[in-house]
Amino acid sequence: MHIVVDLNRCQGYAQCAFLAPGVFTMHGEESLLYTPVVPEEQRERVRRAVAACPVQAILVGEEAGTGAR
Amino acid sequence: MAADTLFQRITDYANRADPYPLYAELRENGVARQDDGSYLVGTYHEIAALLHDPRISSDRRQRTVPDGAAGTDEGVPPSFIGLDDPEHHRLRGMAMRSFGPPHTPDRIDGMHEDITRIVRDLLAGLADKERIDVVDDFAYPLPVTVICRLLGVPAEDEPRFREWSDAIVAGFDPTPDEDPAERQRAGTEARKTMALYLGDLAERRRGHPSGDMLSAFVNDAGPEGQLTPLETMATGVLLLIAGHETTVNLITNGMLTLLRHPDALARLRREPELMPLAVEELLRFEPPVQMLPQRTPLADIEVAGRTIPKGSPLILMLAAGNRDPQRFADADRFDPAREDNQHLGFGSGVHSCFGAPLARLETQIALHELIRHLDTPRLIEDPPEYRRSPVLRGPRHLLIGRG
């Protein structure tokens, strides 16, 4: 599972950082860091984070593999 | 019927089970002025814009019409839900310090196992019951137990603060046809009592932190300093009420909706990974907070071609915006896998729901476990009996049989 966050769309609601803190981290109130290649054990959390984003800024590819690498 | 009676009809208890036709009527009227001088807005794009408009205040004291629910100057100050920036931002940020990122990023994720255990214990206690009341047996005790642990409130005090909470919620019920003065007085009194109770709990933890949020409020200072005792009380009341009165409706409305849509229920059993999307759809389709009744314009503003004068009560009907066909395809259809779903269930903008991640997690786990626990659940009463409030709308009881 690979993810991309559209940082132009992100408004800092931080739902992802609550629900998958191992993948999404807030630095200060507005800047977001994330791990683009999601480890297996974080997938369920990332699914919660993707669904919860109020501006739908998190894009998921189950195997965005070849292109993203 | 005339659009200027819409609010009266929406708040009429007779329409509690199905307010959605009235919301459709509201959307068709654009902005609806009521004969008491308040304004209703029910279309998605207008509500979303107003939630991001700095000219719209959340502070009831900005109203030019008398407003009993604003309370008096004595007593407990408003909590951040009823304040504007910069004061709102300061207090919300200080409360957030012990709740979520960036300072406490693992708090909610760390409650996952706890929530699952509470849910399973509740379900184990129901194993030999033929009939279940989803509210009293499940959807109410879960969020109450969780918010008590989170804040550091003894769960055995629940009967006391349930009574206060009922009075506070009744106090801000905006139903116009009843005489609101007595309800508002009782609500203010209950809020004061709850505030003193929480203030006392917090003070006893000063110097003796026990890992909960009340402890953090009195022991942990951020760059903005610490909450004062009065701010601790006001914030504690807000979080206890919010944790107490909203998630119960999300879980109950959720189970009711799934029982009314057996295909969706069957699909969630087959594809449990859809649950996060299904909960977002529930927040759109049957939101636990139906409206935001406490906004006020700080200047004359134009909305959909009409002017709403400064100081007028402005009521944003979130549940109507969530069914707006201008925004959502097939808006009246419950689709547990809906992708494009920027609903207004948690509001939007700076006041968007503080507890949203917790409500999401609790509801996802609760519904997942509940539908696994019940083989062939069926509704015994449809529509069920509803609670009074038109704002925090949900069933008072939801009786289901095991099949």
# chains A, B, ... in the order shown; residues from 1 in each chain; ligands from 1
>>> interface_residues(of="chain A", to="chain B", cutoff="9 Å", atoms="only C-alpha atoms", output="PDB file with all heavy atoms, in the first residue's frame")
ATOM      1  N   TYR A  13      -6.580  19.331   9.548  1.00  0.00           N
ATOM      2  CA  TYR A  13      -7.558  18.798  10.506  1.00  0.00           C
ATOM      3  C   TYR A  13      -6.948  17.702  11.380  1.00  0.00           C
ATOM      4  O   TYR A  13      -7.485  17.364  12.434  1.00  0.00           O
ATOM      5  CB  TYR A  13      -8.794  18.254   9.785  1.00  0.00           C
ATOM      6  CG  TYR A  13      -9.739  19.317   9.272  1.00  0.00           C
ATOM      7  CD1 TYR A  13      -9.744  19.713   7.945  1.00  0.00           C
ATOM      8  CD2 TYR A  13     -10.637  19.932  10.140  1.00  0.00           C
ATOM      9  CE1 TYR A  13     -10.612  20.694   7.479  1.00  0.00           C
ATOM     10  CE2 TYR A  13     -11.516  20.914   9.687  1.00  0.00           C
ATOM     11  CZ  TYR A  13     -11.501  21.288   8.353  1.00  0.00           C
ATOM     12  OH  TYR A  13     -12.362  22.251   7.913  1.00  0.00           O
ATOM     13  N   ALA A  14      -5.864  17.109  10.895  1.00  0.00           N
ATOM     14  CA  ALA A  14      -5.060  16.156  11.695  1.00  0.00           C
ATOM     15  C   ALA A  14      -5.762  14.841  12.014  1.00  0.00           C
ATOM     16  O   ALA A  14      -5.306  14.083  12.873  1.00  0.00           O
ATOM     17  CB  ALA A  14      -4.566  16.806  12.991  1.00  0.00           C
ATOM     18  N   GLN A  15      -6.858  14.534  11.325  1.00  0.00           N
ATOM     19  CA  GLN A  15      -7.536  13.258  11.611  1.00  0.00           C
ATOM     20  C   GLN A  15      -6.614  12.072  11.342  1.00  0.00           C
ATOM     21  O   GLN A  15      -6.620  11.081  12.072  1.00  0.00           O
ATOM     22  CB  GLN A  15      -8.813  13.124  10.764  1.00  0.00           C
ATOM     23  CG  GLN A  15      -9.854  14.194  11.043  1.00  0.00           C
ATOM     24  CD  GLN A  15     -10.343  14.186  12.476  1.00  0.00           C
ATOM     25  OE1 GLN A  15     -10.927  13.228  12.942  1.00  0.00           O
ATOM     26  NE2 GLN A  15     -10.070  15.259  13.202  1.00  0.00           N
ATOM     27  N   CYS A  16      -5.788  12.184  10.298  1.00  0.00           N
ATOM     28  CA  CYS A  16      -4.868  11.090   9.958  1.00  0.00           C
ATOM     29  C   CYS A  16      -3.833  10.875  11.055  1.00  0.00           C
ATOM     30  O   CYS A  16      -3.466   9.749  11.374  1.00  0.00           O
ATOM     31  CB  CYS A  16      -4.186  11.366   8.618  1.00  0.00           C
ATOM     32  SG  CYS A  16      -3.286  12.931   8.551  1.00  0.00           S
ATOM     33  N   ALA A  17      -3.375  11.992  11.646  1.00  0.00           N
ATOM     34  CA  ALA A  17      -2.337  11.893  12.673  1.00  0.00           C
ATOM     35  C   ALA A  17      -2.884  11.320  13.983  1.00  0.00           C
ATOM     36  O   ALA A  17      -2.136  10.780  14.787  1.00  0.00           O
ATOM     37  CB  ALA A  17      -1.704  13.263  12.904  1.00  0.00           C
ATOM     38  N   PHE A  18      -4.208  11.442  14.193  1.00  0.00           N
ATOM     39  CA  PHE A  18      -4.838  10.787  15.342  1.00  0.00           C
ATOM     40  C   PHE A  18      -4.974   9.285  15.090  1.00  0.00           C
ATOM     41  O   PHE A  18      -4.757   8.475  15.981  1.00  0.00           O
ATOM     42  CB  PHE A  18      -6.278  11.294  15.522  1.00  0.00           C
ATOM     43  CG  PHE A  18      -6.461  12.546  16.310  1.00  0.00           C
ATOM     44  CD1 PHE A  18      -6.656  13.757  15.672  1.00  0.00           C
ATOM     45  CD2 PHE A  18      -6.505  12.507  17.689  1.00  0.00           C
ATOM     46  CE1 PHE A  18      -6.898  14.914  16.393  1.00  0.00           C
ATOM     47  CE2 PHE A  18      -6.740  13.654  18.422  1.00  0.00           C
ATOM     48  CZ  PHE A  18      -6.934  14.867  17.768  1.00  0.00           C
ATOM     49  N   LEU A  19      -5.426   8.950  13.870  1.00  0.00           N
ATOM     50  CA  LEU A  19      -5.875   7.584  13.615  1.00  0.00           C
ATOM     51  C   LEU A  19      -4.762   6.657  13.143  1.00  0.00           C
ATOM     52  O   LEU A  19      -4.871   5.447  13.279  1.00  0.00           O
ATOM     53  CB  LEU A  19      -7.038   7.602  12.601  1.00  0.00           C
ATOM     54  CG  LEU A  19      -8.302   8.286  13.150  1.00  0.00           C
ATOM     55  CD1 LEU A  19      -9.328   8.516  12.049  1.00  0.00           C
ATOM     56  CD2 LEU A  19      -8.939   7.466  14.273  1.00  0.00           C
ATOM     57  N   ALA A  20      -3.698   7.222  12.584  1.00  0.00           N
ATOM     58  CA  ALA A  20      -2.551   6.408  12.168  1.00  0.00           C
ATOM     59  C   ALA A  20      -1.263   7.154  12.505  1.00  0.00           C
ATOM     60  O   ALA A  20      -0.511   7.566  11.626  1.00  0.00           O
ATOM     61  CB  ALA A  20      -2.634   6.111  10.662  1.00  0.00           C
ATOM     62  N   PRO A  21      -0.994   7.304  13.816  1.00  0.00           N
ATOM     63  CA  PRO A  21       0.148   8.142  14.224  1.00  0.00           C
ATOM     64  C   PRO A  21       1.507   7.557  13.848  1.00  0.00           C
ATOM     65  O   PRO A  21       2.496   8.288  13.849  1.00  0.00           O
ATOM     66  CB  PRO A  21      -0.014   8.253  15.749  1.00  0.00           C
ATOM     67  CG  PRO A  21      -0.876   7.108  16.155  1.00  0.00           C
ATOM     68  CD  PRO A  21      -1.762   6.800  14.977  1.00  0.00           C
ATOM     69  N   GLY A  22       1.514   6.270  13.481  1.00  0.00           N
ATOM     70  CA  GLY A  22       2.778   5.684  13.041  1.00  0.00           C
ATOM     71  C   GLY A  22       3.121   6.049  11.603  1.00  0.00           C
ATOM     72  O   GLY A  22       4.234   5.819  11.147  1.00  0.00           O
ATOM     73  N   THR A  25       2.462  12.297  10.889  1.00  0.00           N
ATOM     74  CA  THR A  25       2.908  13.048  12.067  1.00  0.00           C
ATOM     75  C   THR A  25       2.738  14.545  11.824  1.00  0.00           C
ATOM     76  O   THR A  25       3.141  15.056  10.777  1.00  0.00           O
ATOM     77  CB  THR A  25       4.415  12.795  12.321  1.00  0.00           C
ATOM     78  OG1 THR A  25       4.676  11.414  12.099  1.00  0.00           O
ATOM     79  CG2 THR A  25       4.788  13.152  13.741  1.00  0.00           C
ATOM     80  N   MET A  26       2.154  15.214  12.803  1.00  0.00           N
ATOM     81  CA  MET A  26       2.035  16.671  12.711  1.00  0.00           C
ATOM     82  C   MET A  26       3.297  17.313  13.282  1.00  0.00           C
ATOM     83  O   MET A  26       3.757  16.934  14.364  1.00  0.00           O
ATOM     84  CB  MET A  26       0.844  17.179  13.538  1.00  0.00           C
ATOM     85  CG  MET A  26      -0.514  16.689  13.101  1.00  0.00           C
ATOM     86  SD  MET A  26      -0.964  17.193  11.433  1.00  0.00           S
ATOM     87  CE  MET A  26      -1.136  18.974  11.643  1.00  0.00           C
ATOM     88  N   HIS A  27       3.826  18.268  12.567  1.00  0.00           N
ATOM     89  CA  HIS A  27       4.898  19.086  13.129  1.00  0.00           C
ATOM     90  C   HIS A  27       4.363  20.483  13.299  1.00  0.00           C
ATOM     91  O   HIS A  27       4.078  21.160  12.318  1.00  0.00           O
ATOM     92  CB  HIS A  27       6.140  19.040  12.243  1.00  0.00           C
ATOM     93  CG  HIS A  27       6.907  17.780  12.479  1.00  0.00           C
ATOM     94  ND1 HIS A  27       8.071  17.742  13.199  1.00  0.00           N
ATOM     95  CD2 HIS A  27       6.613  16.491  12.164  1.00  0.00           C
ATOM     96  CE1 HIS A  27       8.488  16.483  13.294  1.00  0.00           C
ATOM     97  NE2 HIS A  27       7.622  15.705  12.661  1.00  0.00           N
ATOM     98  N   GLY A  28       4.154  20.859  14.552  1.00  0.00           N
ATOM     99  CA  GLY A  28       3.445  22.103  14.810  1.00  0.00           C
ATOM    100  C   GLY A  28       1.993  21.874  14.443  1.00  0.00           C
ATOM    101  O   GLY A  28       1.530  20.739  14.324  1.00  0.00           O
ATOM    102  N   GLU A  29       1.239  22.949  14.278  1.00  0.00           N
ATOM    103  CA  GLU A  29      -0.194  22.791  14.064  1.00  0.00           C
ATOM    104  C   GLU A  29      -0.545  22.487  12.621  1.00  0.00           C
ATOM    105  O   GLU A  29      -1.635  22.028  12.322  1.00  0.00           O
ATOM    106  CB  GLU A  29      -0.927  24.062  14.499  1.00  0.00           C
ATOM    107  CG  GLU A  29      -1.182  24.068  15.990  1.00  0.00           C
ATOM    108  CD  GLU A  29      -1.940  25.294  16.408  1.00  0.00           C
ATOM    109  OE1 GLU A  29      -2.809  25.765  15.647  1.00  0.00           O
ATOM    110  OE2 GLU A  29      -1.630  25.800  17.501  1.00  0.00           O
ATOM    111  N   GLU A  44      -4.676  -1.112   8.287  1.00  0.00           N
ATOM    112  CA  GLU A  44      -6.018  -0.871   8.803  1.00  0.00           C
ATOM    113  C   GLU A  44      -6.130   0.566   9.313  1.00  0.00           C
ATOM    114  O   GLU A  44      -7.117   1.261   9.055  1.00  0.00           O
ATOM    115  CB  GLU A  44      -6.326  -1.865   9.926  1.00  0.00           C
ATOM    116  CG  GLU A  44      -7.799  -1.876  10.285  1.00  0.00           C
ATOM    117  CD  GLU A  44      -8.061  -2.596  11.608  1.00  0.00           C
ATOM    118  OE1 GLU A  44      -7.293  -3.518  11.953  1.00  0.00           O
ATOM    119  OE2 GLU A  44      -9.023  -2.214  12.289  1.00  0.00           O
ATOM    120  N   ARG A  45      -5.093   1.012  10.021  1.00  0.00           N
ATOM    121  CA  ARG A  45      -5.101   2.384  10.525  1.00  0.00           C
ATOM    122  C   ARG A  45      -5.134   3.387   9.378  1.00  0.00           C
ATOM    123  O   ARG A  45      -5.828   4.402   9.449  1.00  0.00           O
ATOM    124  CB  ARG A  45      -3.873   2.633  11.391  1.00  0.00           C
ATOM    125  CG  ARG A  45      -3.904   1.939  12.734  1.00  0.00           C
ATOM    126  CD  ARG A  45      -2.703   2.411  13.558  1.00  0.00           C
ATOM    127  NE  ARG A  45      -2.640   1.801  14.873  1.00  0.00           N
ATOM    128  CZ  ARG A  45      -2.084   0.611  15.112  1.00  0.00           C
ATOM    129  NH1 ARG A  45      -1.567  -0.098  14.120  1.00  0.00           N
ATOM    130  NH2 ARG A  45      -2.055   0.130  16.333  1.00  0.00           N
ATOM    131  N   ARG A  47      -6.375   2.958   6.424  1.00  0.00           N
ATOM    132  CA  ARG A  47      -7.732   2.976   5.851  1.00  0.00           C
ATOM    133  C   ARG A  47      -8.660   3.880   6.669  1.00  0.00           C
ATOM    134  O   ARG A  47      -9.467   4.624   6.119  1.00  0.00           O
ATOM    135  CB  ARG A  47      -8.308   1.566   5.782  1.00  0.00           C
ATOM    136  CG  ARG A  47      -8.189   0.943   4.396  1.00  0.00           C
ATOM    137  CD  ARG A  47      -9.148  -0.237   4.243  1.00  0.00           C
ATOM    138  NE  ARG A  47      -8.790  -1.317   5.145  1.00  0.00           N
ATOM    139  CZ  ARG A  47      -7.891  -2.259   4.855  1.00  0.00           C
ATOM    140  NH1 ARG A  47      -7.265  -2.242   3.705  1.00  0.00           N
ATOM    141  NH2 ARG A  47      -7.630  -3.205   5.729  1.00  0.00           N
ATOM    142  N   ARG A  48      -8.517   3.807   7.993  1.00  0.00           N
ATOM    143  CA  ARG A  48      -9.321   4.697   8.845  1.00  0.00           C
ATOM    144  C   ARG A  48      -8.974   6.159   8.577  1.00  0.00           C
ATOM    145  O   ARG A  48      -9.848   7.024   8.508  1.00  0.00           O
ATOM    146  CB  ARG A  48      -9.052   4.412  10.328  1.00  0.00           C
ATOM    147  CG  ARG A  48      -9.510   3.063  10.826  1.00  0.00           C
ATOM    148  CD  ARG A  48      -9.234   2.948  12.329  1.00  0.00           C
ATOM    149  NE  ARG A  48      -9.197   1.572  12.791  1.00  0.00           N
ATOM    150  CZ  ARG A  48     -10.270   0.872  13.162  1.00  0.00           C
ATOM    151  NH1 ARG A  48     -11.443   1.434  13.153  1.00  0.00           N
ATOM    152  NH2 ARG A  48     -10.154  -0.384  13.550  1.00  0.00           N
ATOM    153  N   ALA A  49      -7.680   6.418   8.435  1.00  0.00           N
ATOM    154  CA  ALA A  49      -7.229   7.796   8.216  1.00  0.00           C
ATOM    155  C   ALA A  49      -7.730   8.334   6.883  1.00  0.00           C
ATOM    156  O   ALA A  49      -8.185   9.478   6.796  1.00  0.00           O
ATOM    157  CB  ALA A  49      -5.705   7.861   8.276  1.00  0.00           C
ATOM    158  N   VAL A  50      -7.663   7.503   5.841  1.00  0.00           N
ATOM    159  CA  VAL A  50      -8.098   7.930   4.509  1.00  0.00           C
ATOM    160  C   VAL A  50      -9.589   8.283   4.536  1.00  0.00           C
ATOM    161  O   VAL A  50     -10.015   9.319   4.041  1.00  0.00           O
ATOM    162  CB  VAL A  50      -7.828   6.823   3.467  1.00  0.00           C
ATOM    163  CG1 VAL A  50      -8.465   7.171   2.118  1.00  0.00           C
ATOM    164  CG2 VAL A  50      -6.328   6.608   3.307  1.00  0.00           C
ATOM    165  N   ALA A  51     -10.386   7.412   5.168  1.00  0.00           N
ATOM    166  CA  ALA A  51     -11.834   7.652   5.215  1.00  0.00           C
ATOM    167  C   ALA A  51     -12.157   8.903   6.027  1.00  0.00           C
ATOM    168  O   ALA A  51     -13.108   9.621   5.737  1.00  0.00           O
ATOM    169  CB  ALA A  51     -12.547   6.439   5.821  1.00  0.00           C
ATOM    170  N   ALA A  52     -11.338   9.177   7.058  1.00  0.00           N
ATOM    171  CA  ALA A  52     -11.655  10.262   7.984  1.00  0.00           C
ATOM    172  C   ALA A  52     -11.239  11.637   7.473  1.00  0.00           C
ATOM    173  O   ALA A  52     -11.703  12.646   7.991  1.00  0.00           O
ATOM    174  CB  ALA A  52     -10.983  10.005   9.330  1.00  0.00           C
ATOM    175  N   CYS A  53     -10.361  11.698   6.483  1.00  0.00           N
ATOM    176  CA  CYS A  53      -9.853  13.013   6.064  1.00  0.00           C
ATOM    177  C   CYS A  53     -11.009  13.885   5.576  1.00  0.00           C
ATOM    178  O   CYS A  53     -11.671  13.545   4.595  1.00  0.00           O
ATOM    179  CB  CYS A  53      -8.816  12.873   4.952  1.00  0.00           C
ATOM    180  SG  CYS A  53      -8.246  14.494   4.381  1.00  0.00           S
ATOM    181  N   PRO A  54     -11.253  15.030   6.242  1.00  0.00           N
ATOM    182  CA  PRO A  54     -12.424  15.839   5.895  1.00  0.00           C
ATOM    183  C   PRO A  54     -12.308  16.504   4.518  1.00  0.00           C
ATOM    184  O   PRO A  54     -13.307  16.960   3.992  1.00  0.00           O
ATOM    185  CB  PRO A  54     -12.466  16.915   6.993  1.00  0.00           C
ATOM    186  CG  PRO A  54     -11.543  16.460   8.058  1.00  0.00           C
ATOM    187  CD  PRO A  54     -10.533  15.566   7.393  1.00  0.00           C
ATOM    188  N   VAL A  55     -11.098  16.555   3.971  1.00  0.00           N
ATOM    189  CA  VAL A  55     -10.944  17.156   2.637  1.00  0.00           C
ATOM    190  C   VAL A  55     -10.469  16.132   1.611  1.00  0.00           C
ATOM    191  O   VAL A  55     -10.093  16.486   0.493  1.00  0.00           O
ATOM    192  CB  VAL A  55      -9.994  18.379   2.677  1.00  0.00           C
ATOM    193  CG1 VAL A  55     -10.640  19.514   3.448  1.00  0.00           C
ATOM    194  CG2 VAL A  55      -8.648  18.019   3.306  1.00  0.00           C
ATOM    195  N   GLN A  56     -10.497  14.871   1.988  1.00  0.00           N
ATOM    196  CA  GLN A  56     -10.140  13.778   1.078  1.00  0.00           C
ATOM    197  C   GLN A  56      -8.819  14.021   0.368  1.00  0.00           C
ATOM    198  O   GLN A  56      -8.715  13.933  -0.851  1.00  0.00           O
ATOM    199  CB  GLN A  56     -11.289  13.553   0.066  1.00  0.00           C
ATOM    200  CG  GLN A  56     -12.549  13.125   0.787  1.00  0.00           C
ATOM    201  CD  GLN A  56     -13.776  13.040  -0.113  1.00  0.00           C
ATOM    202  OE1 GLN A  56     -13.842  13.654  -1.170  1.00  0.00           O
ATOM    203  NE2 GLN A  56     -14.749  12.282   0.330  1.00  0.00           N
TER     204      GLN A  56
END
>>> residues_around(residues="range 32-38 of chain A", least_positions_apart="6", cutoff="6 Å", atoms="only C-alpha atoms", output="ChimeraX atom specification")
/A:1-3,23-26
>>> write_last_selection(atoms="N, CA, C and O atoms", output="PDB file, in the first residue's frame")
ATOM      1  N   MET A   1       0.843  -1.204   0.000  1.00  0.00           N
ATOM      2  CA  MET A   1       0.000   0.000   0.000  1.00  0.00           C
ATOM      3  C   MET A   1       0.879   1.254   0.000  1.00  0.00           C
ATOM      4  O   MET A   1       1.781   1.380   0.829  1.00  0.00           O
ATOM      5  N   HIS A   2       0.604   2.135  -0.959  1.00  0.00           N
ATOM      6  CA  HIS A   2       1.336   3.395  -1.039  1.00  0.00           C
ATOM      7  C   HIS A   2       0.351   4.550  -0.885  1.00  0.00           C
ATOM      8  O   HIS A   2      -0.790   4.445  -1.310  1.00  0.00           O
ATOM      9  N   ILE A   3       0.831   5.623  -0.294  1.00  0.00           N
ATOM     10  CA  ILE A   3      -0.056   6.782  -0.161  1.00  0.00           C
ATOM     11  C   ILE A   3       0.638   8.054  -0.628  1.00  0.00           C
ATOM     12  O   ILE A   3       1.860   8.174  -0.593  1.00  0.00           O
ATOM     13  N   VAL A  23       2.159   6.602  10.885  1.00  0.00           N
ATOM     14  CA  VAL A  23       2.368   6.910   9.474  1.00  0.00           C
ATOM     15  C   VAL A  23       2.304   8.419   9.202  1.00  0.00           C
ATOM     16  O   VAL A  23       3.052   8.952   8.386  1.00  0.00           O
ATOM     17  N   PHE A  24       1.397   9.102   9.925  1.00  0.00           N
ATOM     18  CA  PHE A  24       1.218  10.546   9.728  1.00  0.00           C
ATOM     19  C   PHE A  24       1.621  11.283  11.015  1.00  0.00           C
ATOM     20  O   PHE A  24       1.150  10.923  12.096  1.00  0.00           O
ATOM     21  N   THR A  25       2.462  12.297  10.889  1.00  0.00           N
ATOM     22  CA  THR A  25       2.908  13.048  12.067  1.00  0.00           C
ATOM     23  C   THR A  25       2.738  14.545  11.824  1.00  0.00           C
ATOM     24  O   THR A  25       3.141  15.056  10.777  1.00  0.00           O
ATOM     25  N   MET A  26       2.154  15.214  12.803  1.00  0.00           N
ATOM     26  CA  MET A  26       2.035  16.671  12.711  1.00  0.00           C
ATOM     27  C   MET A  26       3.297  17.313  13.282  1.00  0.00           C
ATOM     28  O   MET A  26       3.757  16.934  14.364  1.00  0.00           O
TER      29      MET A  26
END
>>> select_by_dssp(residues="chain A", states="strand (DSSP E or B)", output="PyMOL selection string")
chain A and resi 2-5+24-27+31-34+37+58-61
>>> select_by_dssp(residues="range 188-247 of chain B", states="alpha helix (DSSP H)", output="VMD selection string")
chain B and resid 188 to 204 213 to 219 229 to 245 247
>>> residues_around(residues="range 250-255 of chain B", least_positions_apart="6", cutoff="8 Å", atoms="only C-alpha atoms", output="PyMOL selection string")
chain B and resi 134-135+139+279+282-283+286-288+363+366-367+394-395+398
>>> residues_around(residues="Val5 in chain A", least_positions_apart="5", cutoff="9 Å", atoms="only C-alpha atoms", output="ChimeraX atom specification")
/A:10,34,36,57-60
>>> closest_residue(among="B:Leu259, B:Gly355, B:Val391, B:Leu91", to="Thr228 in chain B", atoms="only C-alpha atoms")
B:Leu91
>>> closest_residue(among="B:Asp173, B:Asp59, B:Glu203, B:Asp85", to="Pro390 in chain B", atoms="only C-alpha atoms")
B:Asp173
>>> residues_around(residues="range 190-194 of chain B", least_positions_apart="6", cutoff="12 Å", atoms="only C-alpha atoms", output="PyMOL selection string")
chain B and resi 69+71-72+74-79+153+157-158+160-172+183-184+200-201+230+232-241
>>> atom_distance(atom1="CA of Tyr20 in chain B", atom2="CA of Ala320 in chain B")
7.2 Å
>>> residues_around(residues="range 4-14 of chain B", least_positions_apart="3", cutoff="10 Å", atoms="only C-alpha atoms", output="PyMOL selection string")
chain B and resi 1+17-23+25-26+29+32-40+173-177+315+386-391
